[in-house]
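Here is the structure we will look at, set down as structure tokens.
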Amino acid sequence: MLPKKQFPFYTFLFSIYPALALLATNITEVAIRVVFRPLFLSLILASLLFVIMRLILRNWQQGALITTEILVFFFSYGHVYNLVRQISFSLARHRYLIPIYLILFGLLLWFTIKKVEDVRGVVIVMNIVSIALLIFPVYKITTFMIGNAYQEKSISERSDLDQLTPPSSMPDVYYIILDAYMREDALLRDMNFDNSSFIEGLEEMGFFMPDCSMSNYGYTLASMTSALNMDYVQNLNVEDVNDTWVLLKQSKTRQQLEAIGYRTVAFETGYDWSRFDDADIMLGVGRDPANLQALYPFEVMFLKTTVVLAPMDLNQRILTTGDTTGPLEFVHHIDNVKFLLEELPNVPTIDGPKFVFVHILVPHVPYIFDPEGNVQTDPGFYSGEKWSAINEEYLIEGYTDAVQFIDNQMIEIFKLILERSETPPIIVMHGDHGLKDNNRFQILNAYYFPDQDYSDLYSSITPVNSFRFVFNKYYGTDYPILTDLSFANETLELIYETAPACIH
């Protein structure tokens, strides 16, 4: 038996570091649970290699060192490949990089076996290094969890809630985000795409379509949080306006509606910060942990940091156990979107008054859907940085294809919702932001009121005022209407003051 201080536990710590480091980097975007499978499989890989090397070399310490070297090469390949790709796209080829990796690993293996004599001394150093490596990701994950719990407690004790007066017949209230959907005039100007048929279709159903709406923020979290809390995030008593996911999940709108008997219905979004785990009814595609083909986006991202990236690039199309065929990293997204669009028309059949939270990641990247809802087979639509299109031509075609797809879907969905609702619903739908440059703040905005009286609304209304109007009109409140403002992403510098003038 080895003394405890000389046991090479660093091999196992090195094996879990890549998954934990990736989780720490993306901790605000994903749920903690998505790291469990990568951690488990990494430990299994390390254990098998450790035993095999021990049997071959008949030396625990030397076997651990070589196992760790294999793990480092395995887990670093994707990072090195992406680094080379940033330096020179033409050199980023697996047929070049894999032979170089194998040669370097062979040299390191030879050096370890032939030249490293004091393996026991290496154990102590490597044990210390492995512990040091884990300090930062563990600290970041832990502080996030503690901070999140503290914020949840603070929000549960908030004192700024107002008592709503329930109407005699309580309508369902829908809050629907079409992510990155820009305004009609911006679509025509910047994309040469005319979506007037969609606008006219909604107006024929009784929607009010403000034609000068702007988003209050240029990014999703702040945009939705301000809309649902009916105030600018700078005024919401949070230390960091980028850490407002608790205020999104437990918004003032939601809490006040629940206080008068509404149930919250939400859909899986793919992002933990907008996933309402505590909703009364949570709808989403189930995931079998044993199904290795039904991977979460985080798991795909993790695999792409390893040597598995090479076979993944050679076999872009993966068939899941369901009916979805598409690039592996987007299968979860495709399933979520299709499930949501299929189930949303059935929400009116759920008993009782409902607050329905719907975040649809279309026409947001990746541009994976064609106008009929089929999966785009050309990787040019989603092979750029952060799943974007590879150039402007692909971006315009991919974005407008996605707009056509979601337009067709939403027209039919709204027809069914209105048909199936015993009491005409309240619907607030808007783009959280536009796309880029001049259209980043120019958004689609739409309202459906049961009595279709929109006399108090105006063409440049922004989302921060949406539920102020809704609650004043139907729930007996007397909220003042805020000045409509738009703020820059990071600096929160005032970009536009949109009322009363219309900015095009």
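Note on naming: chains are A, B, ... as they come in the structure tokens, residues start from 1 per chain, ligands start from 1 in the order shown.
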
Test item: residues at most 12 Å from Met145 (chain A), only C-alpha atoms, excluding those fewer than 2 positions along its chain, as a PyMOL selection string: chain A and resi 24+27-28+31-32+138-143+147-152+246

Using all heavy atoms, can you write the selected residues to a file as a compact mmCIF listing (two decimals), in the first residue's frame?
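Output contents, as saved in part-v9.txt:
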# COMPACT_ATOMS: atom_id res chain seq x y z
N ALA A 24 -17.61 26.67 -14.60
CA ALA A 24 -17.37 27.95 -13.94
C ALA A 24 -17.43 29.10 -14.93
O ALA A 24 -17.96 30.18 -14.63
CB ALA A 24 -16.02 27.93 -13.24
N ILE A 27 -21.26 29.56 -15.81
CA ILE A 27 -22.12 29.26 -14.67
C ILE A 27 -23.44 30.03 -14.72
O ILE A 27 -24.46 29.55 -14.23
CB ILE A 27 -21.37 29.55 -13.35
CG1 ILE A 27 -22.17 29.04 -12.14
CG2 ILE A 27 -21.03 31.02 -13.22
CD1 ILE A 27 -22.40 27.57 -12.13
N THR A 28 -23.46 31.22 -15.32
CA THR A 28 -24.71 31.98 -15.37
C THR A 28 -25.64 31.52 -16.49
O THR A 28 -26.79 31.95 -16.57
CB THR A 28 -24.43 33.48 -15.56
OG1 THR A 28 -23.75 33.69 -16.80
CG2 THR A 28 -23.59 34.02 -14.42
N ALA A 31 -27.43 25.06 -15.96
CA ALA A 31 -27.74 24.49 -14.65
C ALA A 31 -26.57 23.64 -14.16
O ALA A 31 -25.84 23.04 -14.96
CB ALA A 31 -29.00 23.63 -14.74
N ILE A 32 -26.39 23.58 -12.85
CA ILE A 32 -25.30 22.79 -12.27
C ILE A 32 -25.39 21.34 -12.71
O ILE A 32 -24.38 20.68 -12.94
CB ILE A 32 -25.35 22.86 -10.73
CG1 ILE A 32 -25.21 24.32 -10.25
CG2 ILE A 32 -24.27 21.99 -10.12
CD1 ILE A 32 -23.87 24.93 -10.50
N VAL A 138 -13.93 25.91 -8.40
CA VAL A 138 -14.77 25.54 -7.26
C VAL A 138 -15.23 26.79 -6.51
O VAL A 138 -16.40 26.90 -6.11
CB VAL A 138 -14.02 24.58 -6.32
CG1 VAL A 138 -14.78 24.39 -5.01
CG2 VAL A 138 -13.79 23.24 -7.00
N TYR A 139 -14.32 27.74 -6.35
CA TYR A 139 -14.68 28.99 -5.67
C TYR A 139 -15.76 29.73 -6.46
O TYR A 139 -16.74 30.22 -5.87
CB TYR A 139 -13.44 29.87 -5.52
CG TYR A 139 -13.75 31.27 -5.05
CD1 TYR A 139 -13.99 31.54 -3.71
CD2 TYR A 139 -13.78 32.34 -5.96
CE1 TYR A 139 -14.29 32.83 -3.27
CE2 TYR A 139 -14.08 33.63 -5.53
CZ TYR A 139 -14.33 33.87 -4.19
OH TYR A 139 -14.62 35.14 -3.75
N LYS A 140 -15.60 29.83 -7.77
CA LYS A 140 -16.55 30.57 -8.59
C LYS A 140 -17.94 29.90 -8.57
O LYS A 140 -18.96 30.58 -8.45
CB LYS A 140 -16.05 30.67 -10.03
CG LYS A 140 -16.88 31.59 -10.91
CD LYS A 140 -16.23 31.83 -12.25
CE LYS A 140 -17.06 32.81 -13.07
NZ LYS A 140 -16.44 33.07 -14.40
N ILE A 141 -17.97 28.58 -8.67
CA ILE A 141 -19.24 27.85 -8.65
C ILE A 141 -19.91 27.99 -7.28
O ILE A 141 -21.12 28.22 -7.18
CB ILE A 141 -19.02 26.37 -9.00
CG1 ILE A 141 -18.55 26.23 -10.45
CG2 ILE A 141 -20.30 25.56 -8.79
CD1 ILE A 141 -18.01 24.85 -10.79
N THR A 142 -19.11 27.86 -6.23
CA THR A 142 -19.65 27.94 -4.86
C THR A 142 -20.20 29.33 -4.56
O THR A 142 -21.31 29.47 -4.02
CB THR A 142 -18.57 27.58 -3.84
OG1 THR A 142 -18.06 26.27 -4.11
CG2 THR A 142 -19.13 27.61 -2.43
N THR A 143 -19.45 30.37 -4.91
CA THR A 143 -19.92 31.73 -4.64
C THR A 143 -21.17 32.05 -5.45
O THR A 143 -22.05 32.77 -4.98
CB THR A 143 -18.82 32.76 -4.94
OG1 THR A 143 -18.33 32.57 -6.29
CG2 THR A 143 -17.67 32.63 -3.97
N GLY A 147 -24.54 33.11 -3.68
CA GLY A 147 -25.13 34.38 -4.08
C GLY A 147 -26.53 34.21 -4.63
O GLY A 147 -27.42 35.02 -4.36
N ASN A 148 -26.72 33.13 -5.38
CA ASN A 148 -28.04 32.86 -5.95
C ASN A 148 -29.05 32.58 -4.84
O ASN A 148 -30.18 33.08 -4.88
CB ASN A 148 -27.94 31.65 -6.88
CG ASN A 148 -29.07 31.61 -7.89
OD1 ASN A 148 -29.72 32.60 -8.14
ND2 ASN A 148 -29.31 30.44 -8.45
N ALA A 149 -28.63 31.79 -3.85
CA ALA A 149 -29.53 31.49 -2.73
C ALA A 149 -29.87 32.76 -1.94
O ALA A 149 -31.02 32.96 -1.52
CB ALA A 149 -28.87 30.46 -1.81
N TYR A 150 -28.88 33.63 -1.77
CA TYR A 150 -29.12 34.89 -1.05
C TYR A 150 -30.10 35.77 -1.81
O TYR A 150 -31.01 36.37 -1.22
CB TYR A 150 -27.79 35.63 -0.86
CG TYR A 150 -27.94 37.01 -0.27
CD1 TYR A 150 -28.18 37.19 1.09
CD2 TYR A 150 -27.84 38.14 -1.08
CE1 TYR A 150 -28.34 38.46 1.63
CE2 TYR A 150 -28.00 39.41 -0.56
CZ TYR A 150 -28.24 39.56 0.80
OH TYR A 150 -28.39 40.82 1.33
N GLN A 151 -29.91 35.86 -3.15
CA GLN A 151 -30.82 36.67 -3.94
C GLN A 151 -32.24 36.12 -3.91
O GLN A 151 -33.21 36.87 -3.82
CB GLN A 151 -30.34 36.74 -5.39
CG GLN A 151 -29.12 37.62 -5.59
CD GLN A 151 -28.87 37.91 -7.05
OE1 GLN A 151 -29.72 38.45 -7.73
NE2 GLN A 151 -27.70 37.54 -7.53
N GLU A 152 -32.36 34.80 -3.98
CA GLU A 152 -33.69 34.18 -3.92
C GLU A 152 -34.38 34.52 -2.61
O GLU A 152 -35.59 34.80 -2.59
CB GLU A 152 -33.58 32.67 -4.11
CG GLU A 152 -33.23 32.26 -5.53
CD GLU A 152 -33.09 30.76 -5.68
OE1 GLU A 152 -33.07 30.06 -4.64
OE2 GLU A 152 -32.99 30.28 -6.82
N VAL A 246 -32.62 36.08 -10.86
CA VAL A 246 -33.63 35.81 -9.83
C VAL A 246 -34.80 36.77 -9.98
O VAL A 246 -35.96 36.38 -9.83
CB VAL A 246 -33.00 35.91 -8.43
CG1 VAL A 246 -34.07 35.70 -7.37
CG2 VAL A 246 -31.90 34.87 -8.26

task: Tell me, as a list in words, which residues lie within 10 Å of Phe36 (chain A), counting only C-alpha atoms; anything in the same chain fewer than 6 positions away does not count.
output: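 Skipping anything fewer than 6 positions along the chain leaves Ala19, Leu20, Ser42, Pro289 and Glu299 of chain A.
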
If you keep N, CA and C atoms, can you produce a file of those selected residues as a PDB file, in the first residue's frame?
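The result, written out as selection20.pdb:
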ATOM      1  N   ALA A  19     -14.110  19.834 -16.922  1.00  0.00           N
ATOM      2  CA  ALA A  19     -15.561  20.017 -16.847  1.00  0.00           C
ATOM      3  C   ALA A  19     -15.925  21.111 -15.842  1.00  0.00           C
ATOM      4  N   LEU A  20     -15.249  21.124 -14.696  1.00  0.00           N
ATOM      5  CA  LEU A  20     -15.541  22.144 -13.687  1.00  0.00           C
ATOM      6  C   LEU A  20     -15.128  23.531 -14.167  1.00  0.00           C
ATOM      7  N   SER A  42     -15.584  11.467 -17.082  1.00  0.00           N
ATOM      8  CA  SER A  42     -14.163  11.821 -16.955  1.00  0.00           C
ATOM      9  C   SER A  42     -13.494  10.980 -15.881  1.00  0.00           C
ATOM     10  N   PRO A 289     -30.877  10.488 -18.815  1.00  0.00           N
ATOM     11  CA  PRO A 289     -29.443  10.596 -18.550  1.00  0.00           C
ATOM     12  C   PRO A 289     -28.615   9.489 -19.205  1.00  0.00           C
ATOM     13  N   GLU A 299     -22.754  19.788 -22.696  1.00  0.00           N
ATOM     14  CA  GLU A 299     -22.016  18.545 -22.913  1.00  0.00           C
ATOM     15  C   GLU A 299     -21.364  18.517 -24.290  1.00  0.00           C
TER      16      GLU A 299
END

task: Determine which residues of region 175-377 of chain A receive a DSSP assignment of strand (DSSP E), computed from the backbone, and state them as number ranges by chain.
output: A: 175-178, 263-267, 281-283, 317-319, 325-327, 354-360

message: I want to know what sits within 12 Å of Thr225 (chain A), based on only C-alpha atoms, with residues of the same chain fewer than 6 positions away left out; could you give that as a ChimeraX atom specification?
response: /A:175,177,215-217,219,231-236,238,241-254,273-274,432,463-464,467

message: Taking the DSSP secondary structure from the backbone, can you list the residues of region 42-269 of chain A that are helix (DSSP H, G or I), as a PyMOL selection string?
response: chain A and resi 42-57+60-87+89-91+94-115+119-156+184-191+196-205+220-229+233-235+245-249+252-259

query: Counting only C-alpha atoms, which of A:Pro171, A:Pro99, A:Pro345, A:Pro327 gets nearest to Pro297 (chain A)?
result: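 The shortest atom-to-atom distance to Pro297 (chain A) comes from A:Pro327.
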
- line: Using only C-alpha atoms, the best pick from A:Glu258, A:Asp160, A:Glu200, A:Asp278 as closest to Val173 (chain A) would be A:Glu258

task: For region 190-198 of chain A, work out the shell of residues within 8 Å, counting only C-alpha atoms and skipping chain neighbours fewer than 4 positions away, then give it as an MDAnalysis selection string.
output: chainID A and resid 184 186 202 396 400 404 407:408 411 439

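For the pair CA of Met53 (chain A) and CA of Arg37 (chain A), the separation is 24.2 Å.
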
field: Å distance separating CA of Leu104 (chain A) from CA of Gln6 (chain A), one decimal place
entry: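 A separation of 27.8 Å between them.
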